[in-house]
Amino acid sequence: MHGKRRPIPKVATQIAGLDQILEGGFPRGRTTLVCGGPGSGKTVLGLEFLCRGAMAGQPGVFVTFEERAGAIRMNARSMGWNLAALEKAGKIAIVEARLPGEEVRSGDFDIQGMLAIVGGHVKRIRAKRIVMDALDVLLRIYDDLNRERNELFRLHDWLTDRGLTSVLSVKSHRDDAQQMSQYEFLDFMADCVIRLDHRVVGQVATRRLRVIKYRGSGFGTNEYPYVFGEHGIVLFPLTTAELTHQPLGPKVSTGLKGLDLMLDGGFRRASCVLISGNSGAGKTTLASTFAHAACRRGERVLSLNFEESKEALISGMLSPGIDLRPAIRARKLLFQTAMPESIGSDGHLGRTILALDSFKPNHLILDAVSACLRMGSEQAAFDFMMRLISVVKERGITSILTNQVNGQTSSDEEISGVGFSSVVDAVVQLRFVETDQEVNRQIFIVKSRGSAHSNRRQAYVITNRGIEFTDKPQPPPVRAGSAGRKDGGK
């Protein structure tokens, strides 16, 4: 007979994205092992877990086997955590567990004395959490593997008996198979095992987190990118098969009456719109037209630009009569510009999420998807776009993406640039049409999910008054015998 399933108790880490991956946090009163190479963020993860817990009323002890307490405080300060203030308030204690030289050389070192000191601090501040950083320094003093394991089992029992939610960190190297096997028994001892990896792909540094095991709990099983943000670690998980995107909302004007007519009212709110076309076809002009109209309605727009500086774009849009300066002064339009190759795709995503959190835009513009390929690889560009679209859809933000294509193509794969067309709700294609006498521009609605749309190619020109249609745009066709129902070829 099957009993009712009871999930194990957990402690929220409050580290952005990690609790989602761990389905709630670290196991309460149990041990979590964090291993990774230099620069992977083991110490930062442990410090953030302690600091966020202390500020939420869960005091903790930080035991360092490698760095001095002063260096720990300085490192924490760079993330905005004031350890000295938390120590003074009795919410955190830092213990320098520096090993005595003579005992280490003779192999007679016993952790019982160290545990007595740590236990005094645990009792003094009534600690609920403990982090032991660089535990591998302690492991290296024992020549006898059995002795090493016995001491670690003693440590594990000591932590468990006191009901402490503990995080132990050890250094590991991907190419050092001997070291990994030496500490392999730690994986079996710990209830939760997390590996941090700092790697270089396509000459771009990137970091990944993976949960190896979690006794009694489900967890995200993939590798997840993370960055060091201004206030700690930020992870970008896509952990569940269930989509949590907001439903498409009512129509929002594109800023062009003719295009609104072709789209049966405009773009759907919370939709992802791709504007695709050749260089010079007017993609940025169309996106800026949308931004200008949205800001005049009092809505906020975040513009991510990977090809032009803020000043160059503002100046360039004055030619077609689009003045974005009032919107910037009114703090309705915010530009975030960067060279795609300056940092990895994870870093760009981290910067964008911080801007989304602080600016809280109604709409996002990205110019251009094709530039994202310079973030390191096509896979890096794909990961960036998929995660970005997922984030904005979950927040109900309308996104306008531009992408430059070569030649006249209607392939979804080529139009999107990096293969994410399945999550795009509307595609607007701009193209050149060459005749004997001149080259003209045409706009075509390839698709518009959840909405009727015109099936005609419409000619347009770019003037000093913006985009103008040379003929009256055609609305969506009406299907015969459907009592006026519109069929947009969805």
# chains A, B, ... in the order shown; residues from 1 in each chain; ligands from 1
call {"tool": "residues_around", "arguments": {"residues": "Asp157 (chain A)", "least_positions_apart": "4", "cutoff": "12 Å", "atoms": "only C-alpha atoms", "output": "PyMOL selection string"}}
result
chain A and resi 29-31+115+150-153+161-164+166+189-190
call {"tool": "residues_around", "arguments": {"residues": "Leu304 (chain A)", "least_positions_apart": "6", "cutoff": "7 Å", "atoms": "only C-alpha atoms", "output": "PyMOL selection string"}}
result
chain A and resi 335-337+365-367
call {"tool": "write_last_selection", "arguments": {"atoms": "C-alpha atoms", "output": "short mmCIF file (atom, residue, chain, number, x, y, z; two decimals), in the first residue's frame"}}
result
data_model
loop_
_atom_site.label_atom_id
_atom_site.label_comp_id
_atom_site.auth_asym_id
_atom_site.auth_seq_id
_atom_site.Cartn_x
_atom_site.Cartn_y
_atom_site.Cartn_z
CA PHE A 335 18.98 52.14 -24.20
CA GLN A 336 21.39 49.35 -23.28
CA THR A 337 24.19 49.02 -25.82
CA ILE A 365 13.43 45.92 -28.66
CA LEU A 366 16.51 43.94 -29.69
CA ASP A 367 18.54 45.17 -32.65
#
call {"tool": "residues_around", "arguments": {"residues": "region 450-462 of chain A", "least_positions_apart": "3", "cutoff": "6 Å", "atoms": "only C-alpha atoms", "output": "list of chain:residue names"}}
result
A:Met262, A:Leu263, A:Asp264, A:Arg441, A:Gln442, A:Ile443, A:Phe444, A:Gly466, A:Ile467, A:Glu468, A:Phe469, A:Thr470, A:Pro475, A:Pro476, A:Asp487, A:Gly488
call {"tool": "write_last_selection", "arguments": {"atoms": "N, CA and C atoms", "output": "CSV table (one decimal), in the first residue's frame"}}
result
chain,number,residue,atom,x,y,z
A,262,MET,N,-3.1,46.1,-41.7
A,262,MET,CA,-2.6,44.8,-42.3
A,262,MET,C,-2.7,43.7,-41.2
A,263,LEU,N,-2.4,44.1,-39.9
A,263,LEU,CA,-2.4,43.2,-38.8
A,263,LEU,C,-3.7,43.1,-38.0
A,264,ASP,N,-4.7,43.7,-38.6
A,264,ASP,CA,-6.1,43.7,-38.0
A,264,ASP,C,-6.0,44.3,-36.6
A,441,ARG,N,10.8,49.0,-52.0
A,441,ARG,CA,10.7,48.2,-50.8
A,441,ARG,C,9.3,47.6,-50.7
A,442,GLN,N,9.2,46.4,-50.1
A,442,GLN,CA,7.9,45.8,-49.8
A,442,GLN,C,7.9,45.2,-48.4
A,443,ILE,N,6.7,45.2,-47.8
A,443,ILE,CA,6.5,44.6,-46.5
A,443,ILE,C,5.5,43.5,-46.6
A,444,PHE,N,5.7,42.4,-45.9
A,444,PHE,CA,4.8,41.3,-46.0
A,444,PHE,C,4.7,40.6,-44.6
A,466,GLY,N,8.9,59.5,-41.9
A,466,GLY,CA,8.8,58.1,-41.4
A,466,GLY,C,8.4,57.2,-42.6
A,467,ILE,N,8.0,56.0,-42.2
A,467,ILE,CA,7.6,55.0,-43.2
A,467,ILE,C,6.2,55.4,-43.7
A,468,GLU,N,6.0,55.4,-45.0
A,468,GLU,CA,4.8,55.7,-45.7
A,468,GLU,C,4.5,54.6,-46.7
A,469,PHE,N,3.2,54.3,-46.9
A,469,PHE,CA,2.8,53.3,-47.9
A,469,PHE,C,2.4,54.0,-49.2
A,470,THR,N,2.8,53.5,-50.3
A,470,THR,CA,2.6,54.1,-51.6
A,470,THR,C,1.1,53.9,-52.0
A,475,PRO,N,-6.5,45.2,-45.8
A,475,PRO,CA,-6.8,44.5,-44.5
A,475,PRO,C,-6.8,43.0,-44.8
A,476,PRO,N,-6.9,42.2,-43.7
A,476,PRO,CA,-7.0,40.8,-43.9
A,476,PRO,C,-8.1,40.4,-44.7
A,487,ASP,N,-9.8,35.5,-42.2
A,487,ASP,CA,-8.9,34.4,-42.3
A,487,ASP,C,-7.5,35.0,-42.6
A,488,GLY,N,-6.6,35.0,-41.6
A,488,GLY,CA,-5.3,35.6,-41.9
A,488,GLY,C,-4.3,34.6,-42.2
call {"tool": "atom_distance", "arguments": {"atom1": "CA of Thr221 (chain A)", "atom2": "CA of Leu196 (chain A)"}}
result
13.5 Å
call {"tool": "closest_residue", "arguments": {"among": "A:Arg431, A:Lys123, A:Lys393, A:Arg374", "to": "Leu248 (chain A)", "atoms": "only C-alpha atoms"}}
result
A:Lys393
call {"tool": "residues_around", "arguments": {"residues": "Lys310 (chain A)", "least_positions_apart": "3", "cutoff": "12 Å", "atoms": "only C-alpha atoms", "output": "list of chain:residue names"}}
result
A:Ser303, A:Leu304, A:Asn305, A:Phe306, A:Glu307, A:Leu313, A:Ile314, A:Ser315, A:Gly316, A:Met317, A:Leu324, A:Arg325, A:Ile328, A:Leu333, A:Leu334, A:Phe335, A:Gln336, A:Thr337, A:Ala338, A:Asp367
call {"tool": "closest_residue", "arguments": {"among": "A:Asp191, A:Asp197, A:Glu67, A:Asp260", "to": "Tyr226 (chain A)", "atoms": "only C-alpha atoms"}}
result
A:Asp197
call {"tool": "atom_distance", "arguments": {"atom1": "CA of Ser370 (chain A)", "atom2": "CA of Arg395 (chain A)"}}
result
24.3 Å
call {"tool": "closest_residue", "arguments": {"among": "A:His348, A:Trp81, A:Val61, A:His156", "to": "Gly119 (chain A)", "atoms": "only C-alpha atoms"}}
result
A:Val61
call {"tool": "select_by_dssp", "arguments": {"residues": "region 326-489 of chain A", "states": "helix (DSSP H, G or I)", "output": "PyMOL selection string"}}
result
chain A and resi 326-329+340-342+345-359+369-375+378-394+412-416+421-423
call {"tool": "atom_distance", "arguments": {"atom1": "CA of Lys447 (chain A)", "atom2": "CA of Arg300 (chain A)"}}
result
25.8 Å
call {"tool": "closest_residue", "arguments": {"among": "A:Leu356, A:Leu135, A:Ala97, A:Leu259", "to": "Ala69 (chain A)", "atoms": "only C-alpha atoms"}}
result
A:Ala97
call {"tool": "select_by_dssp", "arguments": {"residues": "region 447-476 of chain A", "states": "strand (DSSP E or B)", "output": "list in words"}}
result
Lys447, Ser448, Gln458, Ala459, Tyr460, Val461, Ile462, Thr463, Gly466, Ile467, Glu468 and Phe469 of chain A
call {"tool": "write_last_selection", "arguments": {"atoms": "N, CA and C atoms", "output": "short mmCIF file (atom, residue, chain, number, x, y, z; two decimals), in the first residue's frame"}}
result
data_model
loop_
_atom_site.label_atom_id
_atom_site.label_comp_id
_atom_site.auth_asym_id
_atom_site.auth_seq_id
_atom_site.Cartn_x
_atom_site.Cartn_y
_atom_site.Cartn_z
N LYS A 447 3.53 35.74 -40.73
CA LYS A 447 2.58 35.08 -39.83
C LYS A 447 2.25 36.03 -38.70
N SER A 448 1.10 35.79 -38.08
CA SER A 448 0.68 36.55 -36.90
C SER A 448 -0.19 35.65 -36.05
N GLN A 458 2.98 44.76 -49.56
CA GLN A 458 2.63 46.16 -49.63
C GLN A 458 3.87 47.01 -49.86
N ALA A 459 3.86 47.88 -50.86
CA ALA A 459 5.00 48.76 -51.13
C ALA A 459 5.03 49.92 -50.13
N TYR A 460 6.24 50.33 -49.75
CA TYR A 460 6.39 51.45 -48.83
C TYR A 460 7.67 52.20 -49.16
N VAL A 461 7.74 53.42 -48.65
CA VAL A 461 8.94 54.24 -48.79
C VAL A 461 9.29 54.82 -47.44
N ILE A 462 10.57 55.18 -47.26
CA ILE A 462 11.02 55.83 -46.03
C ILE A 462 11.29 57.29 -46.37
N THR A 463 10.51 58.19 -45.76
CA THR A 463 10.62 59.61 -46.03
C THR A 463 11.07 60.34 -44.77
N GLY A 466 8.88 59.51 -41.86
CA GLY A 466 8.80 58.12 -41.43
C GLY A 466 8.44 57.18 -42.56
N ILE A 467 7.97 56.00 -42.21
CA ILE A 467 7.56 55.00 -43.19
C ILE A 467 6.17 55.36 -43.72
N GLU A 468 6.03 55.39 -45.03
CA GLU A 468 4.75 55.68 -45.65
C GLU A 468 4.47 54.64 -46.74
N PHE A 469 3.20 54.25 -46.85
CA PHE A 469 2.79 53.28 -47.86
C PHE A 469 2.41 54.01 -49.15
#
call {"tool": "residues_around", "arguments": {"residues": "region 35-38 of chain A", "least_positions_apart": "3", "cutoff": "8 Å", "atoms": "only C-alpha atoms", "output": "JSON, numbers by chain"}}
result
{"A": [41, 42, 169, 170, 171, 172, 173, 174, 193, 194, 195, 196, 197, 198]}
call {"tool": "closest_residue", "arguments": {"among": "A:Ile125, A:Ala270, A:Ala312, A:Val63", "to": "Glu96 (chain A)", "atoms": "only C-alpha atoms"}}
result
A:Val63
call {"tool": "closest_residue", "arguments": {"among": "A:Asn278, A:Asn403, A:Asn75, A:Ser217", "to": "Val44 (chain A)", "atoms": "only C-alpha atoms"}}
result
A:Asn75
